[in-house]
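The structure file entry-v6.pdb is reproduced below (PDB, C-alpha atoms).
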ATOM      1  CA  PRO M 790      48.900  11.575  27.039
ATOM      2  CA  GLU M 791      45.822  11.339  29.176
ATOM      3  CA  VAL M 792      42.960   9.415  27.550
ATOM      4  CA  HIS M 793      39.533  10.902  28.170
ATOM      5  CA  GLN M 794      36.786   8.335  28.560
ATOM      6  CA  PRO M 795      33.468   9.217  26.912
ATOM      7  CA  ARG M 796      31.041  10.648  29.411
ATOM      8  CA  ARG M 797      28.336   8.208  30.287
ATOM      9  CA  ARG M 798      24.794   9.454  29.930
ATOM     10  CA  PRO M 799      22.609   9.539  33.035
ATOM     11  CA  TRP M 800      20.299   6.567  33.503
ATOM     12  CA  CYS M 801      17.198   8.734  33.107
ATOM     13  CA  VAL M 802      18.395   9.958  29.683
ATOM     14  CA  ARG M 803      19.160   6.407  28.583
ATOM     15  CA  ALA M 804      15.747   5.202  29.760
ATOM     16  CA  LEU M 805      13.997   8.040  27.918
ATOM     17  CA  GLN M 806      15.880   7.331  24.684
ATOM     18  CA  ASP M 807      15.139   3.603  24.924
ATOM     19  CA  ALA M 808      11.462   4.339  25.501
ATOM     20  CA  LEU M 809      11.299   6.732  22.542
ATOM     21  CA  CYS M 810      13.123   4.297  20.247
ATOM     22  CA  GLY M 811      10.829   1.468  21.335
ATOM     23  CA  SER M 812       7.728   3.595  20.720
ATOM     24  CA  CYS M 813       8.988   4.634  17.286
ATOM     25  CA  GLU M 814       9.723   1.045  16.327
ATOM     26  CA  ARG M 815       6.288  -0.124  17.488
ATOM     27  CA  SER M 816       4.678   2.704  15.515
ATOM     28  CA  LEU M 817       6.614   1.714  12.387
ATOM     29  CA  VAL M 818       5.620  -1.938  12.806
ATOM     30  CA  PHE M 819       1.984  -0.850  13.150
ATOM     31  CA  LEU M 820       2.381   1.223   9.971
ATOM     32  CA  GLU M 821       3.779  -1.817   8.125
ATOM     33  CA  ARG M 822       0.833  -3.989   9.177
ATOM     34  CA  ALA M 823      -1.649  -1.265   8.230
ATOM     35  CA  MET M 824      -0.090  -0.872   4.782
ATOM     36  CA  LEU M 825      -0.096  -4.628   4.161
ATOM     37  CA  MET M 826      -3.731  -4.767   5.237
ATOM     38  CA  VAL M 827      -4.650  -1.923   2.868
ATOM     39  CA  VAL M 828      -3.014  -3.601  -0.135
ATOM     40  CA  GLY M 829      -4.553  -6.962   0.837
ATOM     41  CA  ALA M 830      -1.246  -8.789   1.339
ATOM     42  CA  GLU M 831      -1.557 -11.938   3.467
ATOM     43  CA  LEU M 832       2.022 -12.779   4.444
ATOM     44  CA  PRO M 833       3.227 -15.549   6.758
ATOM     45  CA  ASP M 834       4.191 -14.812  10.354
ATOM     46  CA  PRO M 835       7.089 -14.686  11.025
ATOM     47  CA  LEU M 836       8.248 -13.220   7.738
ATOM     48  CA  PRO M 837      11.295 -14.629   5.953
ATOM     49  CA  ALA M 838      14.351 -12.371   6.244
ATOM     50  CA  VAL M 839      14.294 -11.226   2.613
ATOM     51  CA  ALA M 840      10.553 -10.449   2.828
ATOM     52  CA  ALA M 841      10.999  -8.585   6.135
ATOM     53  CA  ARG M 842      13.624  -6.340   4.529
ATOM     54  CA  GLN M 843      11.270  -5.583   1.642
ATOM     55  CA  VAL M 844       8.431  -4.785   4.067
ATOM     56  CA  ARG M 845      10.681  -2.381   6.004
ATOM     57  CA  ARG M 846      11.374  -0.583   2.732
ATOM     58  CA  LEU M 847       7.671   0.251   2.538
ATOM     59  CA  ARG M 848       8.051   2.563   5.533
ATOM     60  CA  CYS M 849       9.533   5.500   3.622
ATOM     61  CA  PRO M 850       6.962   5.728   0.777
ATOM     62  CA  GLY M 851       4.166   4.933   3.226
ATOM     63  CA  LEU M 852       5.166   7.727   5.611
ATOM     64  CA  LEU M 853       5.633  10.169   2.737
ATOM     65  CA  GLY M 854       2.202   9.291   1.344
ATOM     66  CA  VAL M 855       0.566   9.877   4.729
ATOM     67  CA  LEU M 856       2.537  13.118   5.194
ATOM     68  CA  PHE M 857       1.549  14.650   1.852
ATOM     69  CA  TYR M 858      -2.077  13.570   2.301
ATOM     70  CA  CYS M 859      -2.165  15.191   5.759
ATOM     71  CA  ILE M 860      -0.683  18.404   4.347
ATOM     72  CA  GLY M 861      -3.415  18.554   1.710
ATOM     73  CA  LEU M 862      -6.047  17.827   4.355
ATOM     74  CA  THR M 863      -4.632  20.515   6.663
ATOM     75  CA  ILE M 864      -4.791  23.111   3.899
ATOM     76  CA  GLN M 865      -8.477  22.384   3.319
ATOM     77  CA  ILE M 866      -9.248  22.455   7.055
ATOM     78  CA  TRP M 867      -7.503  25.812   7.378
ATOM     79  CA  CYS M 868      -9.474  27.223   4.433
ATOM     80  CA  VAL M 869     -12.851  26.076   5.733
ATOM     81  CA  ALA M 870     -12.030  27.421   9.212
ATOM     82  CA  ARG M 871     -11.136  30.752   7.621
ATOM     83  CA  GLY M 872     -14.412  30.701   5.668
ATOM     84  CA  TRP M 873     -16.525  30.077   8.782
ATOM     85  CA  GLU M 874     -14.687  32.896  10.530
ATOM     86  CA  LEU M 875     -15.650  35.287   7.744
ATOM     87  CA  LEU M 876     -19.272  34.132   7.921
ATOM     88  CA  LEU M 877     -19.424  34.580  11.703
ATOM     89  CA  HIS M 878     -18.129  38.138  11.409
ATOM     90  CA  GLY M 879     -20.985  38.907   9.036
ATOM     91  CA  VAL M 880     -21.187  39.729   5.346
ATOM     92  CA  PRO M 881     -21.604  43.410   4.470
ATOM     93  CA  SER M 882     -24.320  44.382   2.048
ATOM     94  CA  GLU M 883     -21.726  45.349  -0.581
ATOM     95  CA  CYS M 884     -20.497  41.725  -0.657
ATOM     96  CA  GLN M 885     -23.889  40.063  -0.428
ATOM     97  CA  PRO M 886     -23.494  38.114  -3.733
ATOM     98  CA  LEU M 887     -20.511  36.314  -2.181
ATOM     99  CA  TYR M 888     -22.584  35.166   0.807
ATOM    100  CA  GLY M 889     -24.217  32.243  -1.029
ATOM    101  CA  TRP M 890     -20.909  31.207  -2.559
ATOM    102  CA  LEU M 891     -19.102  31.309   0.792
ATOM    103  CA  LEU M 892     -21.893  29.454   2.603
ATOM    104  CA  GLY M 893     -21.928  26.703  -0.035
ATOM    105  CA  TYR M 894     -18.140  26.371   0.190
ATOM    106  CA  CYS M 895     -18.057  26.108   3.987
ATOM    107  CA  ALA M 896     -21.033  23.756   4.230
ATOM    108  CA  GLY M 897     -19.808  21.455   1.443
ATOM    109  CA  LEU M 898     -16.249  21.191   2.724
ATOM    110  CA  THR M 899     -17.405  20.683   6.320
ATOM    111  CA  LEU M 900     -19.585  17.729   5.311
ATOM    112  CA  LEU M 901     -16.710  16.063   3.387
ATOM    113  CA  PRO M 902     -13.558  17.002   5.311
ATOM    114  CA  PHE M 903     -11.504  13.891   4.548
ATOM    115  CA  CYS M 904     -12.270  13.522   0.834
ATOM    116  CA  CYS M 905      -9.175  15.380  -0.338
ATOM    117  CA  THR M 906      -9.050  13.224  -3.443
ATOM    118  CA  VAL M 907     -12.185  14.811  -4.854
ATOM    119  CA  ALA M 908     -12.282  17.943  -2.695
ATOM    120  CA  GLY M 909      -9.294  19.553  -4.419
ATOM    121  CA  PRO M 910     -10.734  19.571  -7.977
ATOM    122  CA  LEU M 911     -14.257  20.427  -6.747
ATOM    123  CA  VAL M 912     -13.021  23.310  -4.603
ATOM    124  CA  ALA M 913     -10.921  24.602  -7.510
ATOM    125  CA  PHE M 914     -14.076  24.634  -9.630
ATOM    126  CA  TRP M 915     -16.000  26.359  -6.821
ATOM    127  CA  ALA M 916     -13.220  28.952  -6.488
ATOM    128  CA  ALA M 917     -13.463  29.655 -10.221
ATOM    129  CA  MET M 918     -17.206  30.199  -9.751
ATOM    130  CA  GLY M 919     -16.381  32.581  -6.893
ATOM    131  CA  ILE M 920     -14.070  34.588  -9.169
ATOM    132  CA  LEU M 921     -16.913  34.804 -11.685
ATOM    133  CA  VAL M 922     -19.312  36.046  -9.001
ATOM    134  CA  ARG M 923     -16.770  38.539  -7.689
ATOM    135  CA  SER M 924     -16.168  39.970 -11.159
ATOM    136  CA  HIS M 925     -19.763  41.268 -11.214
ATOM    137  CA  MET M 926     -19.471  43.028  -7.855
ATOM    138  CA  LEU M 927     -18.775  46.674  -7.059
ATOM    139  CA  GLU M 928     -15.340  47.844  -5.965
ATOM    140  CA  SER M 929     -16.852  48.958  -2.658
ATOM    141  CA  CYS M 930     -16.828  45.308  -1.496
ATOM    142  CA  GLU M 931     -13.026  45.261  -1.637
ATOM    143  CA  ARG M 932     -12.850  48.431   0.457
ATOM    144  CA  VAL M 933     -15.410  47.338   3.039
ATOM    145  CA  ALA M 934     -14.394  43.649   3.395
ATOM    146  CA  PRO M 935     -10.964  43.060   1.834
ATOM    147  CA  GLY M 936     -10.596  39.722   3.633
ATOM    148  CA  MET M 937     -13.712  38.273   2.032
ATOM    149  CA  PHE M 938     -12.841  39.775  -1.331
ATOM    150  CA  THR M 939      -9.407  38.097  -1.398
ATOM    151  CA  PHE M 940     -10.636  34.856   0.195
ATOM    152  CA  VAL M 941     -11.754  33.655  -3.228
ATOM    153  CA  ASP M 942      -8.142  33.774  -4.414
ATOM    154  CA  GLU M 943      -6.985  31.988  -1.256
ATOM    155  CA  VAL M 944      -9.441  29.170  -1.916
ATOM    156  CA  LEU M 945      -8.243  28.827  -5.497
ATOM    157  CA  TYR M 946      -4.554  28.663  -4.572
ATOM    158  CA  ALA M 947      -5.239  26.326  -1.647
ATOM    159  CA  SER M 948      -7.256  23.949  -3.798
ATOM    160  CA  LEU M 949      -4.522  23.821  -6.444
ATOM    161  CA  ALA M 950      -1.942  23.135  -3.726
ATOM    162  CA  THR M 951      -4.182  20.391  -2.322
ATOM    163  CA  CYS M 952      -4.430  18.761  -5.746
ATOM    164  CA  GLY M 953      -0.634  18.747  -5.992
ATOM    165  CA  PHE M 954      -0.075  17.290  -2.523
ATOM    166  CA  VAL M 955      -2.757  14.630  -2.997
ATOM    167  CA  ALA M 956      -1.284  13.667  -6.385
ATOM    168  CA  VAL M 957       2.139  13.177  -4.772
ATOM    169  CA  ALA M 958       0.518  11.231  -1.913
ATOM    170  CA  TRP M 959      -1.218   8.900  -4.378
ATOM    171  CA  PHE M 960       2.098   8.353  -6.160
ATOM    172  CA  PHE M 961       3.693   7.064  -2.952
ATOM    173  CA  ILE M 962       0.576   5.020  -2.154
ATOM    174  CA  TRP M 963       0.821   3.468  -5.620
ATOM    175  CA  ILE M 964       4.434   2.479  -4.847
ATOM    176  CA  VAL M 965       3.291   0.820  -1.618
ATOM    177  CA  ARG M 966       0.471  -1.031  -3.408
ATOM    178  CA  TYR M 967       2.792  -2.200  -6.198
ATOM    179  CA  ARG M 968       5.445  -3.517  -3.816
ATOM    180  CA  GLY M 969       2.858  -4.986  -1.467
ATOM    181  CA  ARG M 970       1.186  -6.926  -4.270
ATOM    182  CA  ARG M 971       4.561  -8.215  -5.410
ATOM    183  CA  LEU M 972       5.259  -9.442  -1.873
ATOM    184  CA  GLN M 973       1.823 -11.080  -1.827
ATOM    185  CA  ARG M 974       2.526 -12.764  -5.152
ATOM    186  CA  ILE M 975       5.807 -14.256  -3.907
ATOM    187  CA  PHE M 976       5.426 -14.713  -0.142
ATOM    188  CA  GLY M 977       1.648 -14.676   0.336
ATOM    189  CA  THR M 978      -0.197 -17.632   1.785
ATOM    190  CA  THR M 979      -2.920 -17.584  -0.890
ATOM    191  CA  GLY M 980      -3.101 -17.237  -4.648
ATOM    192  CA  PRO M 981      -1.655 -19.136  -7.623
ATOM    193  CA  THR M 982       1.870 -20.508  -7.681
ATOM    194  CA  GLU M 983       4.609 -18.335  -9.172
ATOM    195  CA  GLN M 984       5.904 -19.484 -12.550
ATOM    196  CA  SER M 985       9.465 -19.698 -11.197
ATOM    197  CA  VAL M 986       8.273 -22.243  -8.607
ATOM    198  CA  VAL M 987       6.391 -24.209 -11.276
ATOM    199  CA  ASN M 988       9.549 -24.315 -13.400
ATOM    200  CA  ARG M 989      11.578 -25.676 -10.478
ATOM    201  CA  ILE M 990       8.979 -28.379  -9.845
ATOM    202  CA  LEU M 991       8.954 -29.429 -13.489
ATOM    203  CA  ALA M 992      12.758 -29.382 -13.675
ATOM    204  CA  GLU M 993      13.176 -31.827 -10.795
ATOM    205  CA  GLY M 994      11.268 -34.627 -12.497
ATOM    206  CA  ALA M 995       9.967 -37.692 -10.679
ATOM    207  CA  THR M 996      10.329 -41.458 -10.637
ATOM    208  CA  VAL M 997       7.048 -43.117  -9.733
ATOM    209  CA  GLU M 998       6.644 -46.873  -9.435
ATOM    210  CA  LEU M 999       4.025 -48.815 -11.402
ATOM    211  CA  GLY M1000       0.552 -48.772  -9.948
ATOM    212  CA  ALA M1001       0.994 -45.360  -8.295
ATOM    213  CA  GLU M1002      -2.121 -43.270  -7.848
ATOM    214  CA  CYS M1003      -2.380 -39.534  -8.452
ATOM    215  CA  CYS M1004      -3.322 -37.770  -5.222
ATOM    216  CA  ILE M1005      -5.539 -35.291  -7.101
ATOM    217  CA  CYS M1006      -7.587 -37.310  -9.610
ATOM    218  CA  LEU M1007      -7.123 -40.586  -7.635
ATOM    219  CA  GLU M1008      -6.292 -42.453 -10.835
ATOM    220  CA  GLY M1009      -3.157 -44.237 -11.981
ATOM    221  CA  ASP M1010      -1.793 -45.518 -15.272
ATOM    222  CA  SER M1011      -4.107 -47.990 -16.969
ATOM    223  CA  PRO M1012      -2.757 -51.485 -17.862
ATOM    224  CA  SER M1013      -2.993 -50.669 -21.578
ATOM    225  CA  GLN M1014      -0.889 -47.540 -21.086
ATOM    226  CA  ILE M1015       1.730 -49.511 -19.185
ATOM    227  CA  GLU M1016       1.847 -52.248 -21.843
ATOM    228  CA  GLU M1017       2.176 -49.742 -24.679
ATOM    229  CA  GLY M1018       4.717 -47.615 -22.795
ATOM    230  CA  ARG M1019       2.477 -44.559 -22.823
ATOM    231  CA  ARG M1020       2.558 -43.732 -19.131
ATOM    232  CA  GLU M1021       1.402 -40.329 -17.945
ATOM    233  CA  SER M1022       4.006 -37.719 -16.987
ATOM    234  CA  TRP M1023       4.393 -37.654 -13.218
ATOM    235  CA  ARG M1024       5.753 -35.006 -10.858
ATOM    236  CA  LYS M1025       6.692 -35.277  -7.192
ATOM    237  CA  LEU M1026       6.846 -32.443  -4.698
ATOM    238  CA  ARG M1027       9.541 -32.189  -2.044
ATOM    239  CA  CYS M1028       7.057 -33.293   0.574
ATOM    240  CA  GLY M1029       6.975 -36.688  -1.182
ATOM    241  CA  HIS M1030       3.492 -36.582  -2.713
ATOM    242  CA  HIS M1031       3.230 -37.393  -6.416
ATOM    243  CA  PHE M1032       0.720 -36.324  -9.063
ATOM    244  CA  HIS M1033       0.014 -36.437 -12.749
ATOM    245  CA  GLU M1034       1.753 -33.473 -14.343
ATOM    246  CA  ARG M1035      -1.470 -32.208 -15.921
ATOM    247  CA  CYS M1036      -3.331 -32.499 -12.607
ATOM    248  CA  LEU M1037      -0.582 -30.735 -10.698
ATOM    249  CA  LEU M1038      -0.327 -27.881 -13.202
ATOM    250  CA  GLU M1039      -4.078 -27.354 -13.019
ATOM    251  CA  TRP M1040      -3.851 -27.250  -9.225
ATOM    252  CA  LEU M1041      -0.906 -24.820  -9.226
ATOM    253  CA  ARG M1042      -2.898 -22.336 -11.290
ATOM    254  CA  ARG M1043      -5.217 -21.977  -8.293
ATOM    255  CA  ALA M1044      -3.109 -22.645  -5.192
ATOM    256  CA  ARG M1045       0.431 -22.583  -3.876
ATOM    257  CA  ARG M1046       0.255 -25.394  -1.319
ATOM    258  CA  CYS M1047       0.425 -29.156  -1.596
ATOM    259  CA  PRO M1048      -3.156 -30.449  -1.912
ATOM    260  CA  LEU M1049      -2.508 -33.116   0.734
ATOM    261  CA  CYS M1050      -0.117 -31.863   3.411
ATOM    262  CA  ARG M1051      -0.625 -28.116   2.699
ATOM    263  CA  MET M1052       3.132 -27.504   2.467
ATOM    264  CA  ASP M1053       3.913 -23.950   1.289
ATOM    265  CA  LEU M1054       5.563 -24.463  -2.090
ATOM    266  CA  HIS M1055       6.931 -20.921  -2.245
ATOM    267  CA  ALA M1056       8.659 -21.308   1.108
ATOM    268  CA  CYS M1057      10.053 -24.672   0.036
ATOM    269  CA  TYR M1058      11.223 -23.907  -3.497
ATOM    270  CA  LEU M1059      12.133 -20.216  -3.191
ATOM    271  CA  LEU M1060      13.382 -19.712   0.340
ATOM    272  CA  GLY M1061      14.970 -23.123   0.301
ATOM    273  CA  VAL M1062      17.460 -21.927  -2.322
ATOM    274  CA  ASN M1063      18.490 -18.709  -0.528
ATOM    275  CA  LEU M1064      16.394 -16.272  -2.521
ATOM    276  CA  GLN M1065      18.267 -12.992  -2.896
ATOM    277  CA  GLU M1066      16.735  -9.519  -3.143
ATOM    278  CA  GLU M1067      17.947  -9.267  -6.752
ATOM    279  CA  ASP M1068      15.891 -12.364  -7.560
ATOM    280  CA  LEU M1069      12.903 -10.847  -5.781
ATOM    281  CA  MET M1070      13.137  -7.629  -7.798
ATOM    282  CA  ALA M1071      13.237  -9.619 -11.026
ATOM    283  CA  MET M1072      10.034 -11.558 -10.289
TER     284      MET M1072
END
Could you take the file, read its structure, and then write that structure out as structure tokens?
Amino acid sequence: PEVHQPRRRPWCVRALQDALCGSCERSLVFLERAMLMVVGAELPDPLPAVAARQVRRLRCPGLLGVLFYCIGLTIQIWCVARGWELLLHGVPSECQPLYGWLLGYCAGLTLLPFCCTVAGPLVAFWAAMGILVRSHMLESCERVAPGMFTFVDEVLYASLATCGFVAVAWFFIWIVRYRGRRLQRIFGTTGPTEQSVVNRILAEGATVELGAECCICLEGDSPSQIEEGRRESWRKLRCGHHFHERCLLEWLRRARRCPLCRMDLHACYLLGVNLQEEDLMAM
């Protein structure tokens, strides 16, 4: 039987697809950096493989958060554009009580177009006030200007929809912040040392010769302590520097690097033992 070879795509199609894929990847990398900047995560560059996989997993909730926020923002922009359109066409005398309400709505939402977080509840309250104003109007307003008469209901439904979309957006943003702070806690270049790293340091122990000096307090064991066999507890990091245990623990509550050579203890004690994603999720 004759074997049909797959048809090769033209070079222009391949070039276009490569360009689109490259642009999408660069956009996603920019999104990752923006999200890490928002949550205040200071991660090393280049990222370890396990951390890079966790950062890539922030793309989905980050994109969904931006999408839902933009939907809520678009709804409010559409409503305020519709309100200005009604004002420009003029308000009939039968609907004059709605003029002040509509002007306040359009002016307020135009001045704060990007504050969807607070705009949704405030606009819902303003729509309820509009329903109250409309209830005291004559039925002739609905016959003369049905668009303005029903616009109050449109504002109410739009504001409730905005509240829902913004709530979902904040849920995804909370996921990004939670995961980003966890990455900062484990892989960040600043902050206190993780307890799992402290436990590994304490478990390794140290053998320090007599007369050694702690690199933090610059003191060693006194002759009386040596004679009585009451030497201080010592600990040594993998970089070779040794410290009193109490001095080192006090330092690790504030920093995650060796006080002398600035070695990253997280990179040494966590990544040096092939940290798996299951271990990361448990921290």
field: Between CA of Cys859 (chain M) and CA of Ala950 (chain M), distance in Å (one decimal)
entry: 12.4 Å
task: Identify, on the basis of only C-alpha atoms, every residue whose closest approach to Val986 (chain M) does not exceed 9 Å; exclude the query and any residue fewer than 6 positions from it along the same chain; express the result as number ranges by chain.
output: M: 1054-1055, 1058-1059
- request: Excluding Phe819 (chain M) and residues on its chain fewer than 6 positions from it, collect all residues at most 12 Å away from it, counting all atoms listed in the file, and give them as a VMD selection string.
  value: chain M and resid 812 to 813 825 to 826 844 to 845 848 851 to 852
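Between Arg966 (chain M) and the residues M:Glu943, M:Gly854, M:Val818, M:Ala838, the shortest atom-to-atom distance, using only C-alpha atoms, involves M:Gly854.
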- request: Just the residues within 9 Å of Ser1022 (chain M), please, counting only C-alpha atoms, with nothing from its chain fewer than 2 positions along; format it as a list in words.
  value: Ala995, Arg1020, Arg1024, Phe1032, His1033, Glu1034 and Arg1035 of chain M
message: One decimal, in Å: what's the spacing between CA of Glu983 (chain M) and CA of Lys1025 (chain M)?
response: 17.2 Å
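Evaluating the PyMOL selection byres ((chain M and resi 951-953) around 8) against the shown model yields Ile860, Gly861, Leu862, Ile864, Gln865, Cys905, Thr906, Gly909, Pro910, Ala947, Ser948, Leu949, Ala950, Phe954, Val955, Ala956 and Val957 of chain M.
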Those same residues - C-alpha atoms - I'd like them written as a CSV table (one decimal), in the coordinates of the input.
chain,number,residue,atom,x,y,z
M,860,ILE,CA,-0.7,18.4,4.3
M,861,GLY,CA,-3.4,18.6,1.7
M,862,LEU,CA,-6.0,17.8,4.4
M,864,ILE,CA,-4.8,23.1,3.9
M,865,GLN,CA,-8.5,22.4,3.3
M,905,CYS,CA,-9.2,15.4,-0.3
M,906,THR,CA,-9.0,13.2,-3.4
M,909,GLY,CA,-9.3,19.6,-4.4
M,910,PRO,CA,-10.7,19.6,-8.0
M,947,ALA,CA,-5.2,26.3,-1.6
M,948,SER,CA,-7.3,23.9,-3.8
M,949,LEU,CA,-4.5,23.8,-6.4
M,950,ALA,CA,-1.9,23.1,-3.7
M,954,PHE,CA,-0.1,17.3,-2.5
M,955,VAL,CA,-2.8,14.6,-3.0
M,956,ALA,CA,-1.3,13.7,-6.4
M,957,VAL,CA,2.1,13.2,-4.8
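CA of Ser924 (chain M) is found 23.4 Å from CA of Leu898 (chain M).
Within 12 Å of the file-frame point (-18.8, 26.1, 8.0), and using all atoms listed in the file, the polymer residues found are Gln865, Ile866, Trp867, Cys868, Val869, Ala870, Arg871, Gly872, Trp873, Glu874, Leu875, Leu876, Leu877, Trp890, Leu891, Leu892, Gly893, Tyr894, Cys895, Ala896, Gly897, Leu898, Thr899, Leu900, Leu901 and Pro902 of chain M.
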Keeping only C-alpha atoms, write the selected residues as a short mmCIF file (atom, residue, chain, number, x, y, z; two decimals), in the frame of the given file.
data_model
loop_
_atom_site.label_atom_id
_atom_site.label_comp_id
_atom_site.auth_asym_id
_atom_site.auth_seq_id
_atom_site.Cartn_x
_atom_site.Cartn_y
_atom_site.Cartn_z
CA GLN M 865 -8.48 22.38 3.32
CA ILE M 866 -9.25 22.46 7.06
CA TRP M 867 -7.50 25.81 7.38
CA CYS M 868 -9.47 27.22 4.43
CA VAL M 869 -12.85 26.08 5.73
CA ALA M 870 -12.03 27.42 9.21
CA ARG M 871 -11.14 30.75 7.62
CA GLY M 872 -14.41 30.70 5.67
CA TRP M 873 -16.52 30.08 8.78
CA GLU M 874 -14.69 32.90 10.53
CA LEU M 875 -15.65 35.29 7.74
CA LEU M 876 -19.27 34.13 7.92
CA LEU M 877 -19.42 34.58 11.70
CA TRP M 890 -20.91 31.21 -2.56
CA LEU M 891 -19.10 31.31 0.79
CA LEU M 892 -21.89 29.45 2.60
CA GLY M 893 -21.93 26.70 -0.04
CA TYR M 894 -18.14 26.37 0.19
CA CYS M 895 -18.06 26.11 3.99
CA ALA M 896 -21.03 23.76 4.23
CA GLY M 897 -19.81 21.46 1.44
CA LEU M 898 -16.25 21.19 2.72
CA THR M 899 -17.40 20.68 6.32
CA LEU M 900 -19.58 17.73 5.31
CA LEU M 901 -16.71 16.06 3.39
CA PRO M 902 -13.56 17.00 5.31
#
- request: Give as a PyMOL selection string the residues that the PyMOL selection byres ((chain M and resi 1004) around 10) matches when applied to the coordinates above.
  value: chain M and resi 1001-1003+1005-1009+1030-1033+1036-1037+1048-1049
message: Considering all atoms listed in the file, can you say which of M:Gly977, M:Ser816, M:Arg1045, M:Gly1000 comes closest to Pro835 (chain M)?
response: M:Gly977
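Selection check: the PyMOL selection byres ((chain M and resi 843) around 12) on the shown file gives Glu821, Leu825, Leu836, Pro837, Ala838, Val839, Ala840, Ala841, Arg842, Val844, Arg845, Arg846, Leu847, Arg848, Cys849, Val965, Arg968, Gly969, Arg970, Arg971, Leu972, Gln973, Ile975, Phe976, Gln1065, Glu1066, Glu1067, Leu1069 and Met1070 of chain M.
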- prompt: If you count only C-alpha atoms, which residues fall within 8 Å of Val944 (chain M), apart from same-chain ones fewer than 6 positions away, as an MDAnalysis selection string?
  reply: chainID M and resid 868 912:913 916
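Shortest separation to Leu853 (chain M) among M:Val828, M:Ile990, M:Met1052, M:Leu820 occurs at residue M:Leu820, atoms counted being all atoms listed in the file.
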Atoms added to region 852-863 of chain M (N, CA and C atoms), reported as a short mmCIF file (atom, residue, chain, number, x, y, z; two decimals), in the coordinates of the input:
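What landed in selection_8.cif:
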data_model
loop_
_atom_site.label_atom_id
_atom_site.label_comp_id
_atom_site.auth_asym_id
_atom_site.auth_seq_id
_atom_site.Cartn_x
_atom_site.Cartn_y
_atom_site.Cartn_z
N LEU M 852 5.16 6.52 4.79
CA LEU M 852 5.17 7.73 5.61
C LEU M 852 5.04 8.98 4.76
N LEU M 853 5.72 9.00 3.61
CA LEU M 853 5.63 10.17 2.74
C LEU M 853 4.22 10.33 2.19
N GLY M 854 3.57 9.21 1.82
CA GLY M 854 2.20 9.29 1.34
C GLY M 854 1.27 9.85 2.40
N VAL M 855 1.40 9.38 3.64
CA VAL M 855 0.57 9.88 4.73
C VAL M 855 0.86 11.36 4.99
N LEU M 856 2.16 11.73 4.94
CA LEU M 856 2.54 13.12 5.19
C LEU M 856 1.93 14.07 4.17
N PHE M 857 2.08 13.76 2.88
CA PHE M 857 1.55 14.65 1.85
C PHE M 857 0.02 14.70 1.90
N TYR M 858 -0.61 13.57 2.20
CA TYR M 858 -2.08 13.57 2.30
C TYR M 858 -2.52 14.45 3.46
N CYS M 859 -1.82 14.37 4.60
CA CYS M 859 -2.16 15.19 5.76
C CYS M 859 -1.94 16.68 5.48
N ILE M 860 -0.90 17.00 4.71
CA ILE M 860 -0.68 18.40 4.35
C ILE M 860 -1.85 18.93 3.52
N GLY M 861 -2.27 18.15 2.52
CA GLY M 861 -3.42 18.55 1.71
C GLY M 861 -4.68 18.69 2.54
N LEU M 862 -4.87 17.76 3.48
CA LEU M 862 -6.05 17.83 4.36
C LEU M 862 -5.98 19.05 5.25
N THR M 863 -4.79 19.36 5.78
CA THR M 863 -4.63 20.52 6.66
C THR M 863 -4.94 21.81 5.94
#
